[in-house]
file query_7.tsv (TSV, C-alpha atoms and all ligand atoms)
chain	number	residue	atom	x	y	z
N	1432	MET	CA	56.35	30.86	-17.62
N	1433	ALA	CA	54.78	27.45	-17.12
N	1434	ASN	CA	52.73	25.97	-19.96
N	1435	ILE	CA	49.04	26.61	-19.09
N	1436	VAL	CA	46.07	24.63	-20.38
N	1437	ARG	CA	42.49	25.48	-19.53
N	1438	ASN	CA	40.44	22.66	-21.00
N	1439	VAL	CA	40.29	18.91	-20.62
N	1440	GLY	CA	40.94	18.23	-24.32
N	1441	ALA	CA	44.27	20.09	-24.23
N	1442	LEU	CA	45.19	18.42	-20.92
N	1443	ARG	CA	44.53	14.94	-22.36
N	1444	ALA	CA	46.45	15.75	-25.56
N	1445	ALA	CA	49.50	16.80	-23.52
N	1446	VAL	CA	49.30	13.72	-21.29
N	1447	ALA	CA	48.96	11.47	-24.37
N	1448	GLU	CA	52.09	13.06	-25.83
N	1449	TYR	CA	54.06	12.48	-22.60
N	1450	ARG	CA	52.84	8.88	-22.45
N	1451	GLY	CA	53.67	8.37	-26.12
N	1452	SER	CA	57.30	9.19	-25.25
N	1453	GLY	CA	57.22	6.61	-22.45
N	1454	GLU	CA	57.10	9.23	-19.70
N	1455	ARG	CA	55.25	8.83	-16.41
N	1456	VAL	CA	52.98	11.66	-15.28
N	1457	ALA	CA	52.36	12.93	-11.73
N	1458	LEU	CA	49.59	15.34	-10.78
N	1459	VAL	CA	49.50	17.81	-7.88
N	1460	PRO	CA	45.92	19.05	-7.34
N	1461	THR	CA	45.82	22.49	-5.68
N	1462	MET	CA	43.54	25.47	-5.21
N	1463	GLY	CA	46.44	27.89	-5.78
N	1464	ALA	CA	47.78	30.40	-3.20
N	1465	LEU	CA	50.83	28.16	-3.23
N	1466	HIS	CA	53.15	27.90	-0.23
N	1467	GLY	CA	56.01	25.66	0.91
N	1468	GLY	CA	53.61	22.77	1.53
N	1469	HIS	CA	52.45	22.78	-2.09
N	1470	MET	CA	56.01	23.06	-3.35
N	1471	ALA	CA	56.93	19.93	-1.33
N	1472	LEU	CA	54.11	18.13	-3.19
N	1473	VAL	CA	55.58	19.38	-6.47
N	1474	ASP	CA	59.06	18.12	-5.47
N	1475	ALA	CA	57.63	14.70	-4.61
N	1476	ALA	CA	55.72	14.58	-7.89
N	1477	ARG	CA	58.86	15.47	-9.83
N	1478	GLY	CA	60.67	12.65	-8.06
N	1479	ALA	CA	57.92	10.17	-8.97
N	1480	ALA	CA	57.50	10.89	-12.69
N	1481	GLU	CA	59.21	12.44	-15.69
N	1482	ARG	CA	56.34	14.94	-16.15
N	1483	THR	CA	54.62	17.01	-13.48
N	1484	ILE	CA	51.23	18.62	-13.87
N	1485	VAL	CA	49.79	20.99	-11.26
N	1486	SER	CA	46.09	21.84	-11.29
N	1487	ILE	CA	44.91	25.15	-9.88
N	1488	PHE	CA	41.17	25.17	-9.36
N	1489	ILE	CA	39.30	26.76	-6.46
N	1490	ASN	CA	36.63	24.10	-6.22
N	1491	PRO	CA	33.27	25.73	-5.37
N	1492	THR	CA	31.62	22.48	-4.29
N	1493	GLN	CA	33.88	22.09	-1.25
N	1494	PHE	CA	32.80	25.45	0.18
N	1495	ALA	CA	29.52	25.90	2.05
N	1496	PRO	CA	27.58	29.08	1.19
N	1497	THR	CA	28.78	30.58	4.51
N	1498	GLU	CA	32.46	29.82	3.81
N	1499	ASP	CA	35.26	31.80	2.19
N	1500	LEU	CA	34.93	30.92	-1.52
N	1501	ALA	CA	34.77	34.58	-2.59
N	1502	SER	CA	37.66	35.67	-0.40
N	1503	TYR	CA	39.82	32.51	-0.70
N	1504	PRO	CA	43.41	33.75	-1.28
N	1505	ARG	CA	44.36	34.04	-4.94
N	1506	SER	CA	47.90	34.68	-6.22
N	1507	GLU	CA	47.88	33.44	-9.78
N	1508	ALA	CA	50.91	35.32	-11.13
N	1509	GLU	CA	53.09	34.36	-8.17
N	1510	ASP	CA	51.84	30.74	-8.32
N	1511	LEU	CA	52.76	30.48	-11.99
N	1512	ARG	CA	56.18	31.99	-11.31
N	1513	GLN	CA	56.90	29.44	-8.57
N	1514	LEU	CA	55.70	26.53	-10.68
N	1515	ALA	CA	57.85	27.58	-13.64
N	1516	GLU	CA	60.86	27.92	-11.34
N	1517	ALA	CA	60.17	24.45	-9.91
N	1518	GLY	CA	60.22	22.96	-13.42
N	1519	VAL	CA	56.53	22.00	-13.62
N	1520	ASP	CA	55.66	20.91	-17.15
N	1521	LEU	CA	52.00	21.89	-17.29
N	1522	VAL	CA	49.52	23.88	-15.23
N	1523	PHE	CA	45.86	22.92	-15.64
N	1524	MET	CA	43.69	25.93	-14.79
N	1525	PRO	CA	40.11	25.17	-15.79
N	1526	ALA	CA	37.27	27.67	-15.41
N	1527	PRO	CA	34.37	26.50	-13.19
N	1528	ASP	CA	32.21	25.67	-16.28
N	1529	GLU	CA	34.92	23.39	-17.64
N	1530	VAL	CA	34.72	21.32	-14.45
N	1531	TYR	CA	31.01	21.63	-13.70
N	1532	GLY	CA	29.27	21.93	-17.06
N	1533	ALA	CA	25.59	22.77	-17.54
N	1534	GLY	CA	23.36	20.19	-15.88
N	1535	PHE	CA	26.17	18.71	-13.78
N	1536	ALA	CA	24.41	16.24	-11.49
N	1537	THR	CA	26.95	13.74	-10.16
N	1538	SER	CA	28.69	13.69	-6.82
N	1539	VAL	CA	31.11	11.27	-5.23
N	1540	SER	CA	30.62	10.64	-1.57
N	1541	VAL	CA	33.10	8.68	0.56
N	1542	ALA	CA	31.82	7.21	3.83
N	1543	GLY	CA	34.31	5.44	6.14
N	1544	PRO	CA	37.25	7.86	6.54
N	1545	GLY	CA	35.06	10.70	5.26
N	1546	ALA	CA	32.75	10.45	8.29
N	1547	GLY	CA	33.25	12.51	11.46
N	1548	LEU	CA	36.09	14.97	12.27
N	1549	GLU	CA	36.02	17.59	9.46
N	1550	SER	CA	32.61	16.37	8.27
N	1551	ALA	CA	30.99	17.25	11.58
N	1552	ALA	CA	31.75	20.96	11.06
N	1553	ARG	CA	31.79	20.90	7.23
N	1554	PRO	CA	29.30	18.22	6.08
N	1555	HIS	CA	29.55	19.29	2.41
N	1556	PHE	CA	33.35	19.27	2.32
N	1557	PHE	CA	34.48	15.75	1.41
N	1558	THR	CA	31.79	15.21	-1.20
N	1559	GLY	CA	33.08	18.36	-2.90
N	1560	VAL	CA	36.69	17.21	-2.56
N	1561	ALA	CA	36.02	13.61	-3.65
N	1562	THR	CA	34.00	14.76	-6.66
N	1563	VAL	CA	36.64	17.17	-7.91
N	1564	VAL	CA	39.56	14.83	-7.17
N	1565	ALA	CA	37.80	11.97	-9.00
N	1566	LYS	CA	37.25	14.32	-11.95
N	1567	LEU	CA	40.85	15.61	-11.96
N	1568	LEU	CA	42.24	12.06	-11.80
N	1569	LEU	CA	39.97	10.91	-14.64
N	1570	GLN	CA	40.69	14.02	-16.72
N	1571	CYS	CA	44.46	13.67	-16.37
N	1572	LEU	CA	44.87	9.91	-15.68
N	1573	PRO	CA	48.22	10.44	-13.93
N	1574	ASP	CA	50.42	7.56	-12.79
N	1575	ALA	CA	50.73	9.26	-9.39
N	1576	ALA	CA	49.13	12.16	-7.51
N	1577	ALA	CA	50.53	13.95	-4.45
N	1578	PHE	CA	48.50	14.97	-1.37
N	1579	GLY	CA	49.75	16.49	1.89
N	1580	GLU	CA	49.48	14.82	5.29
N	1581	LYS	CA	48.46	18.23	6.67
N	1582	ASP	CA	44.94	17.48	5.34
N	1583	TYR	CA	45.15	14.00	6.79
N	1584	GLN	CA	41.47	13.09	6.57
N	1585	GLN	CA	41.38	14.33	2.96
N	1586	LEU	CA	44.36	12.07	2.20
N	1587	GLN	CA	42.54	9.02	3.62
N	1588	VAL	CA	39.37	9.96	1.71
N	1589	VAL	CA	41.36	10.18	-1.54
N	1590	ARG	CA	43.08	6.84	-0.87
N	1591	ARG	CA	39.70	5.20	-0.23
N	1592	LEU	CA	38.19	6.81	-3.34
N	1593	VAL	CA	41.00	5.60	-5.60
N	1594	ARG	CA	40.79	2.07	-4.15
N	1595	ASP	CA	37.00	1.87	-4.29
N	1596	LEU	CA	36.68	3.23	-7.83
N	1597	ASP	CA	39.70	1.31	-9.20
N	1598	ILE	CA	41.37	4.50	-10.39
N	1599	PRO	CA	44.85	3.39	-11.51
N	1600	CYS	CA	46.83	6.09	-9.71
N	1601	GLU	CA	49.41	5.84	-6.94
N	1602	ILE	CA	48.66	8.29	-4.12
N	1603	LEU	CA	51.80	9.90	-2.69
N	1604	ALA	CA	51.44	11.08	0.93
N	1605	ILE	CA	53.74	14.00	1.65
N	1606	PRO	CA	54.71	15.04	5.21
N	1607	THR	CA	53.43	18.40	6.49
N	1608	VAL	CA	55.67	21.40	5.85
N	1609	ARG	CA	55.82	23.79	8.81
N	1610	GLU	CA	56.84	27.37	9.50
N	1611	ALA	CA	59.89	27.84	11.75
N	1612	ASP	CA	57.69	27.86	14.88
N	1613	GLY	CA	55.85	24.66	13.91
N	1614	LEU	CA	52.65	26.09	12.42
N	1615	ALA	CA	51.60	23.90	9.48
N	1616	CYS	CA	51.79	25.82	6.17
N	1617	SER	CA	48.28	26.61	4.91
N	1618	SER	CA	46.85	29.12	2.46
N	1619	ARG	CA	44.42	30.19	5.20
N	1620	ASN	CA	47.28	31.22	7.55
N	1621	ALA	CA	47.15	34.49	5.60
N	1622	TYR	CA	43.89	35.29	7.44
N	1623	LEU	CA	45.54	35.30	10.90
N	1624	THR	CA	46.15	38.64	12.63
N	1625	PRO	CA	49.64	39.00	14.21
N	1626	ALA	CA	48.17	38.21	17.66
N	1627	GLU	CA	46.36	35.12	16.32
N	1628	ARG	CA	49.48	34.04	14.44
N	1629	ALA	CA	51.40	34.01	17.73
N	1630	VAL	CA	48.76	31.77	19.34
N	1631	ALA	CA	48.51	29.49	16.28
N	1632	ALA	CA	51.96	27.95	16.75
N	1633	GLY	CA	50.73	26.44	20.02
N	1634	LEU	CA	48.56	23.92	18.18
N	1635	TYR	CA	51.46	21.79	16.95
N	1636	GLU	CA	53.33	22.17	20.24
N	1637	ILE	CA	50.31	20.87	22.19
N	1638	LEU	CA	49.72	17.97	19.76
N	1639	GLN	CA	53.37	16.96	19.96
N	1640	ALA	CA	53.37	17.03	23.77
N	1641	MET	CA	50.18	14.95	23.82
N	1642	ALA	CA	51.63	12.44	21.34
N	1643	GLN	CA	54.70	12.05	23.52
N	1644	ARG	CA	52.64	11.43	26.65
N	1645	LEU	CA	50.36	8.97	24.83
N	1646	ALA	CA	53.36	7.12	23.44
N	1647	THR	CA	54.78	6.74	26.93
N	1648	GLY	CA	51.63	5.30	28.47
N	1649	GLY	CA	49.29	8.27	29.02
N	1650	ALA	CA	45.61	7.25	29.10
N	1651	VAL	CA	43.77	8.40	25.97
N	1652	ILE	CA	40.74	9.97	27.73
N	1653	THR	CA	42.91	11.85	30.24
N	1654	GLU	CA	45.28	13.11	27.56
N	1655	ILE	CA	42.43	14.31	25.35
N	1656	GLU	CA	40.85	16.18	28.30
N	1657	ASP	CA	44.22	17.73	29.24
N	1658	GLY	CA	44.87	18.60	25.60
N	1659	MET	CA	41.51	20.41	25.33
N	1660	ARG	CA	42.38	22.41	28.45
N	1661	CYS	CA	45.83	23.28	27.06
N	1662	LEU	CA	44.30	24.48	23.77
N	1663	GLU	CA	41.81	26.68	25.61
N	1664	GLN	CA	44.53	28.10	27.85
N	1665	ALA	CA	46.76	28.75	24.82
N	1666	GLY	CA	44.05	31.08	23.47
N	1667	PHE	CA	42.18	29.05	20.84
N	1668	ASP	CA	38.57	30.26	20.68
N	1669	VAL	CA	36.82	27.03	19.69
N	1670	ILE	CA	38.01	23.43	19.55
N	1671	ASP	CA	36.03	21.64	16.84
N	1672	TYR	CA	37.70	18.32	17.65
N	1673	LEU	CA	40.74	16.78	19.26
N	1674	ALA	CA	40.79	13.03	18.72
N	1675	LEU	CA	43.03	10.00	18.57
N	1676	CYS	CA	42.00	7.91	15.56
N	1677	ASP	CA	43.06	4.88	13.60
N	1678	GLY	CA	45.44	6.21	10.94
N	1679	GLU	CA	43.57	4.63	8.02
N	1680	SER	CA	39.87	4.28	8.90
N	1681	LEU	CA	39.94	7.36	11.19
N	1682	VAL	CA	37.71	5.54	13.65
N	1683	PRO	CA	38.21	7.18	17.09
N	1684	LEU	CA	40.33	5.14	19.50
N	1685	SER	CA	40.04	4.86	23.25
N	1686	GLU	CA	43.35	2.98	23.41
N	1687	LEU	CA	46.56	3.62	21.54
N	1688	HIS	CA	47.49	1.24	18.75
N	1689	ASP	CA	50.06	1.14	15.94
N	1690	GLY	CA	49.56	3.72	13.22
N	1691	ALA	CA	47.26	5.91	15.34
N	1692	ARG	CA	46.97	9.60	14.46
N	1693	LEU	CA	46.15	12.54	16.69
N	1694	LEU	CA	44.03	15.11	14.84
N	1695	ALA	CA	42.68	18.54	15.79
N	1696	ALA	CA	40.68	21.41	14.34
N	1697	VAL	CA	40.50	24.73	16.18
N	1698	ARG	CA	39.25	28.20	15.50
N	1699	LEU	CA	41.06	31.46	16.10
N	1700	GLY	CA	38.82	34.42	15.35
N	1701	ASN	CA	37.50	33.76	11.85
N	1702	THR	CA	40.21	31.29	10.91
N	1703	ARG	CA	39.94	27.54	11.23
N	1704	LEU	CA	43.19	25.61	11.61
N	1705	ILE	CA	43.72	21.86	11.33
N	1706	ASP	CA	46.76	19.79	12.17
N	1707	ASN	CA	47.72	16.23	13.06
N	1708	VAL	CA	50.64	14.18	14.28
N	1709	ALA	CA	51.56	10.52	13.90
N	1710	LEU	CA	52.09	8.33	16.94
S	1	LIG	O1	43.74	20.31	-0.65
S	1	LIG	C1	43.27	21.06	-1.54
S	1	LIG	O2	43.86	22.07	-1.91
S	1	LIG	C2	41.93	20.72	-2.17
S	1	LIG	O3	41.06	20.16	-1.24
S	1	LIG	C3	42.07	19.83	-3.42
S	1	LIG	C4	42.65	18.46	-3.09
S	1	LIG	C5	42.94	20.51	-4.46
S	1	LIG	C6	40.67	19.60	-4.05
S	1	LIG	O4	40.09	20.79	-4.42

call {"tool": "encode", "arguments": {"input": "query_7.tsv", "output": "structure tokens"}}
result
Amino acid sequence: MANIVRNVGALRAAVAEYRGSGERVALVPTMGALHGGHMALVDAARGAAERTIVSIFINPTQFAPTEDLASYPRSEAEDLRQLAEAGVDLVFMPAPDEVYGAGFATSVSVAGPGAGLESAARPHFFTGVATVVAKLLLQCLPDAAAFGEKDYQQLQVVRRLVRDLDIPCEILAIPTVREADGLACSSRNAYLTPAERAVAAGLYEILQAMAQRLATGGAVITEIEDGMRCLEQAGFDVIDYLALCDGESLVPLSELHDGARLLAAVRLGNTRLIDNVAL
């Protein structure tokens, strides 16, 4: 069983003890329902520091009232089993009041990479993420923290946040872990019906084919239009966005340049899927 702490005082005491022994600390922030993608973050964290802390906190401020906060997948016992097996030193599992105490009135909002894409459909989302990530980093003060490239815009928001607020923490960007058919691992994949699950794998396939055509001279506007058509034909119900963007600022590009990223968000029934590929 992993060592669990539920309040900031106990978290800081443990971190101080690790530091006192000259050990580096890496944090993996999660909302639980752990899958292969999270465990790759844990592996990277373990490679970056002597001590690994995983936080499990389903952050209410990143869910809109219409979203799935109440039904978000929860698998606490299985999460703790996996984390113990992976050799995680400490699991920080605060209750909502520990994170958002009475009268909580502060929020962190990141413009730049936080604008557009996910924010168009989920305007509340990155303020919720940036606020809780800033809090977790300040509560734990890790030397490094691991985030997945699957949530690519979130990763750029966190990088910007850490730079802008001078938080002394290295951000580790970990490549997306995929199922055998290419679908990016996500806690929300559990919502897909078998028929939707079969369609879902097409997202990565289509992005990869587009990336290949763009890299070999395909015109951006034409490829985006073709890509939208392919997604519709593959059976996705709604395409929230399909865009080629600068890999750091996430400004949309009309011409390919180095470090560009192709990003998409689609809906299948009640499930929203996001994915991205590097060019
Ligand atoms: O990616 C997630 O699971 C969440 O957005 C995070 C970073 C743990 C913040 O709640």

call {"tool": "residues_around", "arguments": {"input": "query_7.tsv", "residues": "range 1494-1499 of chain N", "least_positions_apart": "6", "cutoff": "10 Å", "atoms": "only C-alpha atoms", "output": "ChimeraX atom specification"}}
result
/N:1553-1557,1559-1560,1619

call {"tool": "atom_distance", "arguments": {"input": "query_7.tsv", "atom1": "CA of Ala1565 in chain N", "atom2": "CA of Ala1709 in chain N"}}
result
26.8 Å

call {"tool": "residues_near_ligand", "arguments": {"input": "query_7.tsv", "ligand": "ligand LIG 1 (chain S)", "cutoff": "9 Å", "atoms": "only C-alpha atoms and all ligand atoms", "output": "PDB file with C-alpha atoms, keeping the file's coordinate frame"}}
result
ATOM      1  CA  VAL N1459      49.500  17.810  -7.880  1.00  0.00           C
ATOM      2  CA  PRO N1460      45.920  19.050  -7.340  1.00  0.00           C
ATOM      3  CA  THR N1461      45.820  22.490  -5.680  1.00  0.00           C
ATOM      4  CA  MET N1462      43.540  25.470  -5.210  1.00  0.00           C
ATOM      5  CA  GLY N1463      46.440  27.890  -5.780  1.00  0.00           C
ATOM      6  CA  HIS N1469      52.450  22.780  -2.090  1.00  0.00           C
ATOM      7  CA  SER N1486      46.090  21.840 -11.290  1.00  0.00           C
ATOM      8  CA  ILE N1487      44.910  25.150  -9.880  1.00  0.00           C
ATOM      9  CA  PHE N1488      41.170  25.170  -9.360  1.00  0.00           C
ATOM     10  CA  ILE N1489      39.300  26.760  -6.460  1.00  0.00           C
ATOM     11  CA  ASN N1490      36.630  24.100  -6.220  1.00  0.00           C
ATOM     12  CA  PRO N1491      33.270  25.730  -5.370  1.00  0.00           C
ATOM     13  CA  THR N1492      31.620  22.480  -4.290  1.00  0.00           C
ATOM     14  CA  GLN N1493      33.880  22.090  -1.250  1.00  0.00           C
ATOM     15  CA  PHE N1556      33.350  19.270   2.320  1.00  0.00           C
ATOM     16  CA  PHE N1557      34.480  15.750   1.410  1.00  0.00           C
ATOM     17  CA  GLY N1559      33.080  18.360  -2.900  1.00  0.00           C
ATOM     18  CA  VAL N1560      36.690  17.210  -2.560  1.00  0.00           C
ATOM     19  CA  ALA N1561      36.020  13.610  -3.650  1.00  0.00           C
ATOM     20  CA  THR N1562      34.000  14.760  -6.660  1.00  0.00           C
ATOM     21  CA  VAL N1563      36.640  17.170  -7.910  1.00  0.00           C
ATOM     22  CA  VAL N1564      39.560  14.830  -7.170  1.00  0.00           C
ATOM     23  CA  LEU N1567      40.850  15.610 -11.960  1.00  0.00           C
ATOM     24  CA  PHE N1578      48.500  14.970  -1.370  1.00  0.00           C
ATOM     25  CA  GLY N1579      49.750  16.490   1.890  1.00  0.00           C
ATOM     26  CA  LYS N1581      48.460  18.230   6.670  1.00  0.00           C
ATOM     27  CA  ASP N1582      44.940  17.480   5.340  1.00  0.00           C
ATOM     28  CA  GLN N1585      41.380  14.330   2.960  1.00  0.00           C
ATOM     29  CA  LEU N1586      44.360  12.070   2.200  1.00  0.00           C
ATOM     30  CA  VAL N1589      41.360  10.180  -1.540  1.00  0.00           C
ATOM     31  CA  SER N1618      46.850  29.120   2.460  1.00  0.00           C
TER      32      SER N1618
END

call {"tool": "atom_distance", "arguments": {"input": "query_7.tsv", "atom1": "CA of Thr1647 in chain N", "atom2": "CA of Leu1687 in chain N"}}
result
10.3 Å

call {"tool": "closest_atom_pairs", "arguments": {"input": "query_7.tsv", "of": "range 1642-1708 of chain N", "to": "range 1527-1551 of chain N", "cutoff": "8 Å", "atoms": "all atoms listed in the file", "output": "CSV"}}
result
residue,atom,partner,partner_atom,distance
N:Tyr1672,CA,N:Leu1548,CA,6.5
N:Glu1679,CA,N:Pro1544,CA,7.3
N:Ser1680,CA,N:Pro1544,CA,5.0
N:Leu1681,CA,N:Pro1544,CA,5.4
N:Val1682,CA,N:Pro1544,CA,7.5
N:Ala1696,CA,N:Glu1549,CA,7.8

call {"tool": "write_last_selection", "arguments": {"input": "query_7.tsv", "atoms": "C-alpha atoms", "output": "PDB file, in the coordinates of the input"}}
result
ATOM      1  CA  TYR N1672      37.700  18.320  17.650  1.00  0.00           C
ATOM      2  CA  GLU N1679      43.570   4.630   8.020  1.00  0.00           C
ATOM      3  CA  SER N1680      39.870   4.280   8.900  1.00  0.00           C
ATOM      4  CA  LEU N1681      39.940   7.360  11.190  1.00  0.00           C
ATOM      5  CA  VAL N1682      37.710   5.540  13.650  1.00  0.00           C
ATOM      6  CA  ALA N1696      40.680  21.410  14.340  1.00  0.00           C
TER       7      ALA N1696
END

call {"tool": "residues_around", "arguments": {"input": "query_7.tsv", "residues": "Leu1693 in chain N", "least_positions_apart": "5", "cutoff": "6 Å", "atoms": "only C-alpha atoms", "output": "PyMOL selection string"}}
result
chain N and resi 1674-1675+1707-1708

call {"tool": "residues_around", "arguments": {"input": "query_7.tsv", "residues": "Val1446 in chain N", "least_positions_apart": "4", "cutoff": "8 Å", "atoms": "all atoms listed in the file", "output": "list in words"}}
result
Leu1442, Arg1450, Val1456 and Cys1571 of chain N

call {"tool": "atom_distance", "arguments": {"input": "query_7.tsv", "atom1": "CA of His1688 in chain N", "atom2": "CA of Ala1615 in chain N"}}
result
24.8 Å

call {"tool": "closest_atom_pairs", "arguments": {"input": "query_7.tsv", "of": "range 1628-1652 of chain N", "to": "range 1602-1613 of chain N", "cutoff": "12 Å", "atoms": "all atoms listed in the file", "output": "CSV"}}
result
residue,atom,partner,partner_atom,distance
N:Arg1628,CA,N:Asp1612,CA,10.3
N:Ala1629,CA,N:Asp1612,CA,9.2
N:Val1630,CA,N:Asp1612,CA,10.7
N:Ala1631,CA,N:Gly1613,CA,9.1
N:Ala1632,CA,N:Gly1613,CA,5.8
N:Gly1633,CA,N:Gly1613,CA,8.2
N:Leu1634,CA,N:Gly1613,CA,8.5
N:Tyr1635,CA,N:Gly1613,CA,6.1
N:Glu1636,CA,N:Gly1613,CA,7.3
N:Ile1637,CA,N:Gly1613,CA,10.7
N:Leu1638,CA,N:Gly1613,CA,10.8
N:Gln1639,CA,N:Gly1613,CA,10.1

call {"tool": "residues_around", "arguments": {"input": "query_7.tsv", "residues": "Leu1514 in chain N", "least_positions_apart": "3", "cutoff": "12 Å", "atoms": "all atoms listed in the file", "output": "PyMOL selection string"}}
result
chain N and resi 1432-1435+1459+1461+1463-1467+1469-1474+1477+1483-1487+1507-1511+1517-1523

call {"tool": "closest_residue", "arguments": {"input": "query_7.tsv", "among": "N:Met1524, N:Leu1673, N:Arg1660, N:Val1593", "to": "Asp1706 in chain N", "atoms": "only C-alpha atoms"}}
result
N:Leu1673

call {"tool": "residues_near_point", "arguments": {"input": "query_7.tsv", "point": "(46.9, 12.0, -8.3)", "cutoff": "7 Å", "atoms": "all atoms listed in the file", "output": "ChimeraX atom specification"}}
result
/N:1457-1459,1568,1573,1575-1577,1600-1602

call {"tool": "closest_residue", "arguments": {"input": "query_7.tsv", "among": "N:Ala1621, N:Val1669, N:Ile1705, N:Leu1710", "to": "Ser1506 in chain N", "atoms": "only C-alpha atoms"}}
result
N:Ala1621
